[in-house]
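Structure below is work_22.txt: compact mmCIF, C-alpha atoms.
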# COMPACT_ATOMS: atom_id res chain seq x y z
CA MET A 1 -1.00 -37.66 -26.48
CA ALA A 2 -2.93 -34.68 -25.10
CA GLU A 3 -2.72 -36.19 -21.62
CA GLU A 4 1.01 -36.70 -21.99
CA ARG A 5 1.54 -33.04 -23.03
CA ARG A 6 -0.52 -31.83 -20.08
CA ARG A 7 1.58 -34.03 -17.75
CA VAL A 8 4.77 -32.42 -19.12
CA VAL A 9 3.36 -28.93 -18.48
CA LEU A 10 2.41 -29.93 -14.92
CA GLU A 11 5.97 -31.22 -14.39
CA LEU A 12 7.33 -27.84 -15.53
CA LEU A 13 5.57 -26.30 -12.51
CA GLN A 14 8.05 -28.15 -10.28
CA ARG A 15 11.02 -26.29 -11.77
CA PRO A 16 12.66 -23.56 -9.65
CA GLY A 17 10.81 -20.27 -10.08
CA ASN A 18 7.68 -21.82 -11.58
CA ALA A 19 6.04 -22.80 -8.27
CA ARG A 20 4.84 -19.21 -7.72
CA CYS A 21 3.00 -16.81 -10.01
CA ALA A 22 5.48 -14.95 -12.23
CA ASP A 23 3.70 -11.63 -11.59
CA CYS A 24 2.41 -11.54 -7.99
CA GLY A 25 4.18 -14.44 -6.27
CA ALA A 26 0.98 -16.31 -5.33
CA PRO A 27 1.70 -19.99 -4.61
CA ASP A 28 0.63 -22.88 -6.88
CA PRO A 29 -0.11 -21.10 -10.18
CA ASP A 30 -2.30 -23.20 -12.45
CA TRP A 31 -2.50 -20.93 -15.48
CA ALA A 32 0.16 -20.09 -18.05
CA SER A 33 0.85 -17.57 -20.78
CA HIS A 34 1.97 -19.77 -23.68
CA THR A 35 3.21 -16.72 -25.64
CA LEU A 36 5.37 -15.35 -22.79
CA GLY A 37 6.36 -18.69 -21.29
CA VAL A 38 5.27 -17.89 -17.71
CA PHE A 39 3.17 -19.65 -15.10
CA ILE A 40 0.63 -17.38 -13.41
CA CYS A 41 -2.25 -17.48 -10.92
CA LEU A 42 -5.95 -17.29 -11.80
CA SER A 43 -6.18 -13.62 -10.76
CA CYS A 44 -3.22 -12.51 -12.92
CA SER A 45 -4.45 -14.66 -15.83
CA GLY A 46 -7.53 -12.40 -15.98
CA ILE A 47 -5.26 -9.38 -16.45
CA HIS A 48 -3.22 -11.20 -19.13
CA ARG A 49 -6.47 -11.90 -21.00
CA ASN A 50 -7.00 -8.14 -21.31
CA ILE A 51 -3.72 -7.72 -23.22
CA PRO A 52 -4.13 -10.36 -25.98
CA GLN A 53 -1.58 -8.61 -28.19
CA ALA A 54 1.09 -9.48 -25.59
CA SER A 55 -0.18 -12.62 -23.90
CA LYS A 56 -2.33 -15.68 -24.57
CA VAL A 57 -3.32 -17.80 -21.57
CA LYS A 58 -4.32 -21.40 -20.92
CA SER A 59 -5.23 -23.48 -17.92
CA VAL A 60 -2.41 -25.87 -17.06
CA ARG A 61 -4.86 -28.58 -15.98
CA LEU A 62 -7.98 -28.07 -18.09
CA ASP A 63 -6.92 -26.88 -21.54
CA THR A 64 -5.40 -28.83 -24.43
CA TRP A 65 -1.74 -28.09 -25.18
CA ASP A 66 -0.03 -28.60 -28.54
CA GLU A 67 3.57 -29.71 -28.93
CA ALA A 68 4.95 -26.27 -29.89
CA GLN A 69 3.35 -24.62 -26.85
CA VAL A 70 4.75 -27.25 -24.49
CA GLU A 71 8.24 -26.82 -25.99
CA PHE A 72 7.97 -23.03 -25.65
CA MET A 73 7.03 -23.33 -21.95
CA ALA A 74 9.89 -25.80 -21.40
CA SER A 75 12.47 -23.49 -22.98
CA HIS A 76 11.27 -20.41 -21.10
CA GLY A 77 9.63 -20.35 -17.62
CA ASN A 78 9.31 -17.74 -14.90
CA GLU A 79 13.01 -17.18 -14.20
CA ALA A 80 13.88 -16.67 -17.87
CA ALA A 81 10.97 -14.25 -18.29
CA ARG A 82 12.03 -12.32 -15.20
CA ALA A 83 15.56 -11.95 -16.58
CA THR A 84 14.07 -10.36 -19.71
CA TYR A 85 10.96 -8.44 -18.67
CA GLU A 86 12.25 -7.31 -15.24
CA ALA A 87 15.84 -6.66 -16.35
CA LYS A 88 15.82 -2.95 -15.43
CA VAL A 89 13.18 -2.47 -12.72
CA PRO A 90 14.26 0.56 -10.65
CA SER A 91 14.92 -0.18 -6.96
CA PHE A 92 12.12 2.17 -5.90
CA TYR A 93 9.48 0.68 -8.24
CA TYR A 94 6.72 -1.06 -6.30
CA ARG A 95 6.55 -4.78 -7.11
CA PRO A 96 3.05 -5.87 -6.10
CA SER A 97 2.17 -9.12 -4.35
CA PHE A 98 -1.04 -11.16 -4.52
CA SER A 99 -2.45 -9.20 -1.55
CA ASP A 100 -2.21 -5.87 -3.39
CA CYS A 101 -5.08 -4.16 -5.18
CA GLN A 102 -6.07 -4.99 -8.77
CA LEU A 103 -4.73 -1.66 -10.11
CA LEU A 104 -1.15 -2.22 -8.90
CA ARG A 105 -1.07 -5.78 -10.24
CA GLU A 106 -2.60 -4.80 -13.58
CA GLN A 107 -0.19 -1.90 -14.19
CA TRP A 108 2.81 -4.03 -13.17
CA ILE A 109 1.79 -6.68 -15.73
CA ARG A 110 1.12 -4.08 -18.44
CA ALA A 111 4.42 -2.30 -17.66
CA LYS A 112 6.34 -5.56 -18.04
CA TYR A 113 4.78 -7.21 -21.08
CA GLU A 114 2.75 -4.58 -22.94
CA ARG A 115 4.84 -1.42 -22.53
CA LYS A 116 8.16 -3.23 -21.82
CA GLU A 117 9.19 -0.47 -19.42
CA PHE A 118 11.88 -2.60 -17.77
CA ILE A 119 13.57 -3.50 -21.04
CA HIS A 120 13.62 0.14 -22.26
CA PRO A 121 14.50 2.45 -19.32
CA GLU A 122 13.61 5.59 -21.34
CA LYS A 123 9.96 4.53 -20.87
CA GLN A 124 10.39 5.03 -17.09
CA GLU A 125 10.65 8.81 -17.44
CA PRO A 126 7.11 9.54 -16.05
CA TYR A 127 8.16 8.32 -12.59
CA SER A 128 11.94 8.64 -12.59
CA ALA A 129 12.54 12.18 -13.86
CA GLY A 130 12.45 13.79 -10.38
CA TYR A 131 9.65 16.16 -11.43
CA ARG A 132 6.02 15.49 -12.23
CA GLU A 133 2.95 17.66 -12.58
CA GLY A 134 -0.63 16.98 -13.52
CA PHE A 135 -4.24 17.04 -12.39
CA LEU A 136 -5.78 14.63 -9.92
CA TRP A 137 -9.28 14.43 -8.48
CA LYS A 138 -8.94 15.40 -4.81
CA ARG A 139 -11.58 14.94 -2.14
CA GLY A 140 -12.66 18.19 -0.49
CA ARG A 141 -11.90 18.25 3.23
CA ASP A 142 -15.27 19.67 4.30
CA ASN A 143 -17.84 18.73 1.67
CA GLY A 144 -16.47 15.39 0.46
CA GLN A 145 -16.71 16.36 -3.23
CA PHE A 146 -13.89 15.37 -5.57
CA LEU A 147 -12.51 18.36 -7.50
CA SER A 148 -9.73 18.56 -10.09
CA ARG A 149 -6.54 19.96 -8.54
CA LYS A 150 -3.09 20.59 -9.97
CA PHE A 151 -0.32 18.61 -8.24
CA VAL A 152 3.42 19.20 -8.58
CA LEU A 153 6.10 16.81 -7.30
CA THR A 154 9.58 18.27 -7.20
CA GLU A 155 12.52 16.32 -5.80
CA ARG A 156 14.66 19.45 -5.93
CA GLU A 157 12.38 21.13 -3.38
CA GLY A 158 11.71 17.85 -1.56
CA ALA A 159 7.97 18.39 -1.75
CA LEU A 160 4.61 17.46 -3.24
CA LYS A 161 2.39 20.53 -3.68
CA TYR A 162 -1.17 21.08 -4.81
CA PHE A 163 -2.96 24.20 -5.99
CA ASN A 164 -6.64 25.09 -5.58
CA LYS A 165 -6.68 27.18 -8.78
CA ASN A 166 -4.84 26.56 -12.04
CA ASP A 167 -3.26 30.02 -12.03
CA ALA A 168 -2.57 30.16 -8.27
CA LYS A 169 0.93 31.39 -7.43
CA GLU A 170 0.96 29.83 -3.97
CA PRO A 171 0.19 26.17 -3.29
CA LYS A 172 -2.68 25.25 -0.98
CA ALA A 173 -0.42 22.70 0.73
CA ILE A 174 3.25 21.73 0.71
CA MET A 175 3.89 18.13 1.72
CA LYS A 176 7.48 17.35 2.60
CA ILE A 177 8.81 14.17 0.97
CA GLU A 178 10.52 13.38 4.29
CA HIS A 179 7.17 12.70 6.02
CA LEU A 180 5.08 11.57 3.07
CA ASN A 181 3.34 8.23 2.63
CA ALA A 182 1.04 6.92 -0.10
CA THR A 183 -1.10 3.81 -0.09
CA PHE A 184 -3.83 2.60 -2.46
CA GLN A 185 -7.27 2.51 -0.78
CA PRO A 186 -9.81 1.68 -3.50
CA ALA A 187 -12.54 0.34 -1.18
CA LYS A 188 -12.29 3.20 1.31
CA ILE A 189 -12.19 5.94 -1.34
CA GLY A 190 -14.82 4.26 -3.50
CA HIS A 191 -12.75 4.33 -6.70
CA PRO A 192 -10.53 1.52 -8.09
CA HIS A 193 -7.65 4.02 -8.53
CA GLY A 194 -8.05 5.71 -5.13
CA LEU A 195 -4.79 6.72 -3.38
CA GLN A 196 -4.47 7.98 0.19
CA VAL A 197 -1.55 10.37 0.73
CA THR A 198 -0.55 11.25 4.29
CA TYR A 199 1.93 13.78 5.57
CA LEU A 200 2.77 15.45 8.87
CA LYS A 201 1.42 18.89 9.60
CA ASP A 202 2.42 20.31 13.02
CA ASN A 203 3.37 16.74 14.03
CA SER A 204 -0.18 15.53 13.31
CA THR A 205 -1.10 13.27 10.42
CA ARG A 206 -3.08 14.86 7.58
CA ASN A 207 -4.83 12.70 4.95
CA ILE A 208 -5.69 13.60 1.39
CA PHE A 209 -7.58 11.30 -0.97
CA VAL A 210 -7.00 11.41 -4.73
CA TYR A 211 -7.60 9.42 -7.90
CA HIS A 212 -7.12 9.65 -11.66
CA GLU A 213 -9.40 7.99 -14.21
CA ASP A 214 -6.34 6.56 -16.00
CA GLY A 215 -4.83 3.68 -14.01
CA LYS A 216 -1.35 4.11 -15.50
CA GLU A 217 -1.31 7.80 -14.48
CA MET A 218 -2.16 6.91 -10.89
CA VAL A 219 0.47 4.20 -10.58
CA ASP A 220 3.04 6.51 -12.22
CA TRP A 221 2.25 9.11 -9.52
CA PHE A 222 2.65 6.45 -6.83
CA ASN A 223 6.04 5.33 -8.16
CA ALA A 224 7.17 8.94 -8.66
CA LEU A 225 6.45 9.55 -4.95
CA ARG A 226 8.41 6.40 -4.06
CA ALA A 227 11.31 7.57 -6.27
CA ALA A 228 11.35 10.95 -4.51
CA ARG A 229 11.36 9.23 -1.11
CA PHE A 230 14.14 6.90 -2.26
CA HIS A 231 16.39 9.74 -3.39
CA TYR A 232 15.66 11.73 -0.22
CA LEU A 233 16.59 8.73 1.97
CA GLN A 234 19.76 8.03 -0.04
CA VAL A 235 20.97 11.52 0.93
CA ALA A 236 19.68 11.27 4.52
CA PHE A 237 21.28 7.84 5.10
CA PRO A 238 24.36 7.76 2.84
CA GLY A 239 25.64 4.41 4.18
CA ALA A 240 22.36 2.55 3.72
CA SER A 241 21.90 -0.07 1.00
CA ASP A 242 18.93 -0.12 -1.38
CA THR A 243 17.66 -3.17 0.51
CA ASP A 244 17.55 -1.09 3.72
CA LEU A 245 15.79 1.85 2.09
CA VAL A 246 13.16 0.20 -0.14
CA PRO A 247 10.87 -0.93 2.75
CA LYS A 248 10.78 2.72 3.95
CA LEU A 249 9.47 4.20 0.67
CA SER A 250 5.77 3.63 1.32
CA ARG A 251 3.77 1.74 3.92
CA ASN A 252 0.49 -0.09 3.82
CA TYR A 253 -1.35 0.17 7.11
CA LEU A 254 -0.93 -2.70 9.55
CA LYS A 255 -4.68 -2.69 10.17
CA GLU A 256 -7.74 -0.46 9.73
CA GLY A 257 -11.32 -0.74 10.87
CA TYR A 258 -13.92 0.23 13.42
CA MET A 259 -13.47 -0.16 17.18
CA GLU A 260 -15.14 1.51 20.13
CA LYS A 261 -13.10 3.65 22.52
CA THR A 262 -13.58 5.50 25.77
CA GLY A 263 -11.87 8.60 27.17
CA PRO A 264 -8.97 8.87 29.63
CA LYS A 265 -11.19 8.72 32.75
CA GLN A 266 -12.78 5.53 31.40
CA THR A 267 -16.11 6.61 32.87
CA GLU A 268 -17.82 8.05 29.78
CA GLY A 269 -19.53 5.80 27.23
CA PHE A 270 -17.66 4.08 24.42
CA ARG A 271 -17.85 5.67 20.97
CA LYS A 272 -17.42 3.94 17.62
CA ARG A 273 -14.43 5.31 15.69
CA TRP A 274 -12.45 4.38 12.58
CA PHE A 275 -8.91 3.33 13.56
CA THR A 276 -5.77 3.22 11.42
CA MET A 277 -2.57 1.56 12.64
CA ASP A 278 0.27 3.24 10.73
CA ASP A 279 3.53 1.81 12.00
CA ARG A 280 3.70 3.08 15.62
CA ARG A 281 0.88 5.61 15.27
CA LEU A 282 -2.62 4.46 16.15
CA MET A 283 -4.99 7.13 14.80
CA TYR A 284 -8.72 7.39 15.17
CA PHE A 285 -11.26 9.24 13.06
CA LYS A 286 -14.98 9.87 13.21
CA ASP A 287 -15.19 8.96 9.51
CA PRO A 288 -12.70 6.85 7.46
CA LEU A 289 -12.25 9.78 5.00
CA ASP A 290 -11.58 12.53 7.56
CA ALA A 291 -8.63 14.80 6.79
CA PHE A 292 -7.35 14.85 10.38
CA ALA A 293 -7.40 12.25 13.14
CA ARG A 294 -9.44 12.99 16.27
CA GLY A 295 -6.53 11.61 18.21
CA GLU A 296 -3.29 9.70 17.87
CA VAL A 297 -1.67 7.25 20.26
CA PHE A 298 2.02 6.40 20.04
CA ILE A 299 2.71 2.70 20.63
CA GLY A 300 6.26 2.00 21.71
CA SER A 301 7.97 -1.27 22.59
CA LYS A 302 7.60 -3.61 25.56
CA GLU A 303 11.05 -2.50 26.77
CA GLY A 304 9.53 1.00 27.17
CA GLY A 305 6.59 -0.23 29.24
CA TYR A 306 4.02 -0.75 26.46
CA LEU A 307 1.78 -3.79 26.74
CA VAL A 308 -1.18 -5.26 24.83
CA LEU A 309 -3.81 -7.22 26.78
CA GLU A 310 -6.92 -9.03 25.65
CA GLY A 311 -9.99 -7.94 27.58
CA LEU A 312 -10.91 -4.87 29.66
CA PRO A 313 -10.53 -4.04 33.37
CA PRO A 314 -13.36 -5.79 35.31
CA SER A 315 -15.20 -2.58 36.24
CA THR A 316 -15.47 -1.24 32.67
CA GLN A 317 -18.95 -0.19 31.55
CA GLY A 318 -20.66 1.57 28.67
CA HIS A 319 -19.43 -0.51 25.72
CA HIS A 320 -21.71 -2.09 23.12
CA TRP A 321 -19.16 -4.49 21.66
CA SER A 322 -17.86 -7.23 23.93
CA HIS A 323 -14.41 -8.12 22.56
CA GLY A 324 -12.05 -5.85 24.51
CA VAL A 325 -8.41 -4.83 24.04
CA THR A 326 -6.33 -2.84 26.54
CA ILE A 327 -3.16 -1.02 25.53
CA VAL A 328 -0.99 -0.11 28.49
CA THR A 329 1.40 2.83 27.92
CA PRO A 330 3.72 4.52 30.45
CA ASP A 331 1.12 7.31 30.83
CA ARG A 332 -2.25 5.53 30.88
CA LYS A 333 -4.38 2.65 29.67
CA PHE A 334 -6.33 2.85 26.42
CA LEU A 335 -9.48 0.71 26.24
CA PHE A 336 -11.00 -0.50 22.98
CA THR A 337 -13.72 -2.96 21.98
CA CYS A 338 -14.13 -4.92 18.74
CA GLU A 339 -17.33 -6.21 17.17
CA THR A 340 -16.11 -9.80 16.67
CA GLU A 341 -13.51 -12.09 18.20
CA ALA A 342 -11.79 -12.46 14.80
CA ASP A 343 -11.46 -8.69 14.61
CA ARG A 344 -9.99 -8.54 18.10
CA GLN A 345 -7.39 -11.20 17.23
CA GLU A 346 -6.33 -9.18 14.16
CA TRP A 347 -5.99 -5.96 16.18
CA VAL A 348 -4.08 -7.71 18.98
CA ALA A 349 -1.70 -9.27 16.42
CA ALA A 350 -1.13 -5.84 14.79
CA PHE A 351 -0.49 -4.15 18.16
CA ARG A 352 1.83 -6.92 19.36
CA SER A 353 3.85 -6.86 16.13
CA VAL A 354 4.71 -3.24 17.00
CA VAL A 355 5.19 -3.68 20.77
CA ASP A 356 7.49 -6.69 20.21
CA ARG A 357 9.76 -4.66 17.91
CA PRO A 358 12.57 -2.71 19.61
CA MET A 359 12.42 1.08 19.13
CA LEU A 360 14.73 2.75 16.60
CA PRO A 361 16.70 5.84 17.72
CA GLN A 362 14.56 8.18 15.58
CA GLU A 363 11.37 6.71 17.09
CA TYR A 364 12.36 7.92 20.56
CA ALA A 365 12.31 11.46 19.16
CA VAL A 366 8.80 10.87 17.79
CA GLU A 367 7.68 9.50 21.16
CA ALA A 368 9.10 12.55 22.96
CA HIS A 369 7.30 14.99 20.64
CA PHE A 370 4.13 13.00 20.57
CA LYS A 371 1.05 14.78 21.75
CA HIS A 372 -1.35 12.27 23.28
CA LYS A 373 -4.78 13.39 22.16
CA PRO A 374 -7.19 11.22 24.09
Please lay out the structure from this file as structure tokens.
Amino acid sequence: MAEERRRVVLELLQRPGNARCADCGAPDPDWASHTLGVFICLSCSGIHRNIPQASKVKSVRLDTWDEAQVEFMASHGNEAARATYEAKVPSFYYRPSFSDCQLLREQWIRAKYERKEFIHPEKQEPYSAGYREGFLWKRGRDNGQFLSRKFVLTEREGALKYFNKNDAKEPKAIMKIEHLNATFQPAKIGHPHGLQVTYLKDNSTRNIFVYHEDGKEMVDWFNALRAARFHYLQVAFPGASDTDLVPKLSRNYLKEGYMEKTGPKQTEGFRKRWFTMDDRRLMYFKDPLDAFARGEVFIGSKEGGYLVLEGLPPSTQGHHWSHGVTIVTPDRKFLFTCETEADRQEWVAAFRSVVDRPMLPQEYAVEAHFKHKP
């Protein structure tokens, strides 16, 4: 009998919607919440275990199922749960995938099943009110220490501001929503709730690194920033649909990591730098947590004369790493080396994904203003 019940549960996995994890979309889920009626992956099942008041989990293949549990799974399933627990997810709210950090996936699961934020929209106020203020730990630009700073997000002013002193009248920085990006970087920042916020200052990218001890607070900040970007873009592009705008709310970097580079004359030695590929901007830093890039390279499209080549010109010298990449731009060639062949393939794929994409009208303006800082 037990075998028969397990076989029925395995068959339920073949139903539409059940073949991927209900929470992160990972393929072939082999766990289930028998109190919510959803099929989930191993990683998400660990999060469900931490909220026993909302969810009880079992292995589809290894655990024993009783008749009532099997019937509950059969009468529910991922699509039914989505219709209930994701009924009122705002367009701007970030829906994490299996490649996202633990914090985003955990807070998404807690928001759905524990706090029921998408059944009761009044619970969305922390990130949908258009105004938010609070304290975050911010990394000092020069000394690297994290200090508590007051942050204010105001959609009315189109800005995120922070203050060095609680009673300060003037903000230390004003970050325009128009040019703002936020991406979780727990490994780089060294904190599971670490968020990297970037904005443009004098057409150069400026980084700030923040975290909050409370995971919900941090994800609420992240979604409040996305909401502000969404409402800004709705005004800036009145004809655009939500589907057009949502991918523009925040960006994860195409690729980050160390490469070696040489200068424009290509005669000096190669230096190891931390590189970040942010859409069409390739930035390099001496340290991954630097506030400003040492230089930025704009990477256009192949129609504009941009090209990515594996290898270096034959006469190149002075590099320690042997896996070369050459980026050809209308102005000059940029030479880089990677430590491993696998790393080179990842960088080449990231560069080519950008070069193969035609330029948008607004990107020509960025290219024209771009200061090459070799």
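CA of Thr205 in chain A lies 10.6 Å from CA of Leu282 in chain A.
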Practice task
Select, from A:Trp65, A:Trp108, A:Phe270, A:Phe334, the residue with the minimum atom-to-atom distance to Tyr306 in chain A, counting all atoms listed in the file.
Solution key: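 Between A:Trp65, A:Trp108, A:Phe270, A:Phe334, the residue approaching Tyr306 in chain A most closely is A:Phe334.
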Practice task
Considering only C-alpha atoms, state which residue in the set A:Asn181, A:Thr267, A:Ser99, A:Gln317 is at the smallest distance from Arg229 in chain A.
Solution key: A:Asn181
Handout entry: Surrounding residues of Arg139 in chain A excluding itself and chain neighbours under 5 positions, 8 Å, all atoms listed in the file, as an NGL selection string
Key = :A and (144-147 or 208-210)
Handout entry: Trp274 in chain A surroundings by only C-alpha atoms, 6 Å radius, close-in-sequence under 2 positions cut, as JSON, numbers by chain
Key = {"A": [257, 258, 284, 285, 288]}
Around the point (7.8, -11.6, -16.6), in the coordinates given by the file, pick out the residues reaching within 10 Å, counting all atoms listed in the file, and return them as an mmCIF file with C-alpha atoms, keeping the file's coordinate frame.
data_model
loop_
_atom_site.group_PDB
_atom_site.id
_atom_site.type_symbol
_atom_site.label_atom_id
_atom_site.label_comp_id
_atom_site.auth_asym_id
_atom_site.auth_seq_id
_atom_site.Cartn_x
_atom_site.Cartn_y
_atom_site.Cartn_z
ATOM 1 C CA CYS A 21 3.000 -16.810 -10.010
ATOM 2 C CA ALA A 22 5.480 -14.950 -12.230
ATOM 3 C CA ASP A 23 3.700 -11.630 -11.590
ATOM 4 C CA LEU A 36 5.370 -15.350 -22.790
ATOM 5 C CA GLY A 37 6.360 -18.690 -21.290
ATOM 6 C CA VAL A 38 5.270 -17.890 -17.710
ATOM 7 C CA PHE A 39 3.170 -19.650 -15.100
ATOM 8 C CA ILE A 40 0.630 -17.380 -13.410
ATOM 9 C CA GLY A 77 9.630 -20.350 -17.620
ATOM 10 C CA ASN A 78 9.310 -17.740 -14.900
ATOM 11 C CA GLU A 79 13.010 -17.180 -14.200
ATOM 12 C CA ALA A 80 13.880 -16.670 -17.870
ATOM 13 C CA ALA A 81 10.970 -14.250 -18.290
ATOM 14 C CA ARG A 82 12.030 -12.320 -15.200
ATOM 15 C CA ALA A 83 15.560 -11.950 -16.580
ATOM 16 C CA THR A 84 14.070 -10.360 -19.710
ATOM 17 C CA TYR A 85 10.960 -8.440 -18.670
ATOM 18 C CA GLU A 86 12.250 -7.310 -15.240
ATOM 19 C CA ALA A 87 15.840 -6.660 -16.350
ATOM 20 C CA TRP A 108 2.810 -4.030 -13.170
ATOM 21 C CA ILE A 109 1.790 -6.680 -15.730
ATOM 22 C CA ALA A 111 4.420 -2.300 -17.660
ATOM 23 C CA LYS A 112 6.340 -5.560 -18.040
ATOM 24 C CA TYR A 113 4.780 -7.210 -21.080
ATOM 25 C CA LYS A 116 8.160 -3.230 -21.820
ATOM 26 C CA PHE A 118 11.880 -2.600 -17.770
#
Handout entry: Distance criterion (only C-alpha atoms): nearest to Glu133 in chain A out of A:Leu103, A:Val60, A:Ala224, A:Val89
Key = A:Ala224
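Using all atoms listed in the file, the set of residues no farther than 9 Å from the position (1.3, -20.6, -6.1) comprises Asn18, Ala19, Arg20, Cys21, Gly25, Ala26, Pro27, Asp28, Pro29, Asp30, Ile40 and Cys41 of chain A.
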Problem - Long-range neighbours of Ala228 in chain A as a ChimeraX atom specification, 12 Å cut-off, only C-alpha atoms, 4 positions minimum in chain - result: /A:91-93,127-132,153-160,176-182,221-224,232-235,246,248-250
Practice task
Between CA of Glu122 in chain A and CA of Phe135 in chain A, measure the distance and give it in Å to one decimal.
Solution key: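 Value for the CA of Glu122 in chain A-CA of Phe135 in chain A distance: 23.0 Å.
Nearest residue to Lys255 in chain A, choosing from A:Pro186, A:Val354, A:Gly305, A:Val197 and counting only C-alpha atoms: A:Val354.
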Problem - A:Lys56, A:Lys161, A:Arg61, A:Lys169 ranked by distance to Val8 in chain A, top pick (using all atoms listed in the file) - result: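 Checking each candidate against Val8 in chain A, we get A:Arg61 as the closest.
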Problem - Polymer residues at most 7 Å from Lys272 in chain A, only C-alpha atoms, same-chain spacing of 6 or more positions, as an MDAnalysis selection string - result: chainID A and resid 258:261
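Reported to one decimal place, the separation of CA of Lys302 in chain A from CA of Thr340 in chain A is 26.1 Å.
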Handout entry: Residue among A:Leu335, A:Ala350, A:Arg206, A:Phe298 lying closest to Pro313 in chain A, counting all atoms listed in the file
Key = A:Leu335
Practice task
Could you give me, as an MDAnalysis selection string, the residues within 8 Å of Asn252 in chain A, counting only C-alpha atoms and dropping anything in the same chain fewer than 2 positions from it?
Solution key: chainID A and resid 183 250 254 278
